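First the structure, in the form of structure tokens, and then the observations on it.
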Amino acid sequence: MIIPRIAELSRASSADGWLLYDFRGINPLAADILKLGKAMLSRRWFLYVPAQGTPTLIHHRIEAGSWSNLLVGETLTRRVYSSHQELDALLAETLGDAKTVLMEYSPRGSVPYVSRVDAGTLERVRECGVTVISSADALQHFTVWTPLDLELHRKAVAGCIAAKDAAFEFIHQRLQAGETTTELEVQALIERVIAEHGLQNDHPAIVGFAGHAGDPHYAPTESSNHTLELGMCVLIDLWAGVTGHPMADITWMGYAGEPSAEFMQIWHVVAAARDAAIAVLQPGLEGWVADKAGRDLIEAAGYGADFTHRIGHSLGTGITHGNGANLDNLETHDTRRLLPLTAVTVEPGVYLSHLGVRTEVDVLILEDGIEVTTPIQLEPYVLGLEVMRGG
């Protein structure tokens, strides 16, 4: 049962209730929480779950058939409307004497990942005499991993590491043999290994050589596909998992030939930032704090302007970017607290026009600490010489 959990979280948030709302998918968080799947719903609906008492679902009359197959087994009152006047009256009646309600809202849109309810609907709800407060922290409780999630995440980690190992060995052997290697060839190899391990992803791996590694979201195409040469860095960012369960998401670096002094200098800065962020992670920490711990080191080294994204994101179930707290003090000031049995990535980077460096690990928050669930790269791979070094 989902609704009793929603009521429990309302009480824990000191709110009078949680008001879930959606219209044509603008609030996918509500649909996810209620496990509505791909139900055909084209009209506005509200589900009010009071901290105490019986929940009420408000939906349009023409969708009674669709709703009859949803939330089956949950204890709730179902109310229907046709006109907007009926909707307003039902909403006011349902909210009753409530003073505060949780909604998928963030003041000033500060945390846009949870700011899903449109401004007009917020006005309509406030006209009922209630104060809307953000459900941002309460939402995170629906991202908590189960024992099966953790088991399948470890399977995903093993598959991603196998794909990473195969990719760098392939590059190394090609360089030794004096044969050409393109970004698309490496990407195709990674995708094959991921599939062989029974994993899926929503986008092929990022493989970037030289300046392409300096584009954080670069994706090789037929018209943009570097051929590796000595003196180029190699960035591989790959993610995959078992459908519906937490993915693994990792980034590893290599260099064709002996690494340049500039590359190694940046590598050590980025690796230190990663380690600094990991060092402060703990349950209850606000996400922005970890971002600041790593970013401060990169800025002190003079590369602050070249680190253009947050230091980490919530690691979702079934998707790479989850709905929990991000490690972010740049794109947003994420004050959401890290919950036990949720996970984040830590992935600082420095991006220049001729090279880029990123290192990425996954971290599970525990009740009393953390677990880094993916291997940590200590040194970049040195590729194409007599013996492959690093890792």
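In the structure tokens, chains take the letters A, B, ... in the order shown, each chain's residues start at 1, and ligands count up from 1 in the order shown.
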All strand (DSSP E) residues (DSSP, backbone) inside region 160-270 of chain A, as a count of residues only: 21
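With only C-alpha atoms taken into account, the protein and nucleic acid residues at most 8 Å from region 166-183 of chain A (excluding it and anything under 3 positions from it in its own chain) are Ala162, Ala163, Val186, Gln187, Leu189, Ile190, Val193, Val207, Gly208, Phe209, Pro220, Asn225, His226, Thr227, Leu228, Gly254, Ala256, Tyr381, Leu383, Gly384, Leu385, Glu386 and Met388 of chain A.
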Nearest candidate to Glu123 (chain A) (options A:Gly391, A:Asp88, A:Ser223, A:Lys35; using only C-alpha atoms):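 Distance minimum relative to Glu123 (chain A) lands on A:Asp88.
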Best match for closeness to Pro216 (chain A) among A:Leu76, A:Leu355, A:Leu281, A:Ala12, counting only C-alpha atoms: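 The shortest atom-to-atom distance to Pro216 (chain A) comes from A:Leu355.
Distance annotation: of A:Leu47, A:Ile278, A:Ala136, A:Ala305, the residue with the minimal separation from Val363 (chain A) is A:Ile278; atom set is only C-alpha atoms.
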Which of A:Glu93, A:Asp249, A:Glu151, A:Asp237 sits closest to Arg358 (chain A) [using only C-alpha atoms]: A:Asp237
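Secondary structure from DSSP on the backbone puts alpha helix (DSSP H) at the following positions of region 65-126 of chain A: Gly65, Ser66, Trp67, Ser68, His84, Gln85, Glu86, Leu87, Asp88, Ala89, Leu90, Leu91, Ala92, Glu93, Thr94, Leu95, Ala119, Gly120, Thr121, Leu122, Glu123, Arg124, Val125 and Arg126 of chain A.
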Kindly provide the residues of region 101-125 of chain A that approach region 321-339 of chain A to within 10 Å, each paired with its closest atom pair and their distance in Å to one decimal, based on only C-alpha atoms, listed by chain and increasing number, as CSV.
residue,atom,partner,partner_atom,distance
A:Gly109,CA,A:Thr332,CA,9.4
A:Ser110,CA,A:Thr332,CA,6.2
A:Val111,CA,A:Thr332,CA,6.3
A:Pro112,CA,A:Thr332,CA,8.3
A:Tyr113,CA,A:Asn323,CA,7.0
A:Val114,CA,A:Asn323,CA,7.6
Just write the chosen residues, C-alpha atoms, as an mmCIF file, in the first residue's frame.
data_model
loop_
_atom_site.group_PDB
_atom_site.id
_atom_site.type_symbol
_atom_site.label_atom_id
_atom_site.label_comp_id
_atom_site.auth_asym_id
_atom_site.auth_seq_id
_atom_site.Cartn_x
_atom_site.Cartn_y
_atom_site.Cartn_z
ATOM 1 C CA GLY A 109 12.103 26.957 -8.505
ATOM 2 C CA SER A 110 15.354 26.593 -6.566
ATOM 3 C CA VAL A 111 15.275 22.796 -6.863
ATOM 4 C CA PRO A 112 13.695 22.402 -10.323
ATOM 5 C CA TYR A 113 13.811 18.607 -10.201
ATOM 6 C CA VAL A 114 10.878 18.672 -7.757
#
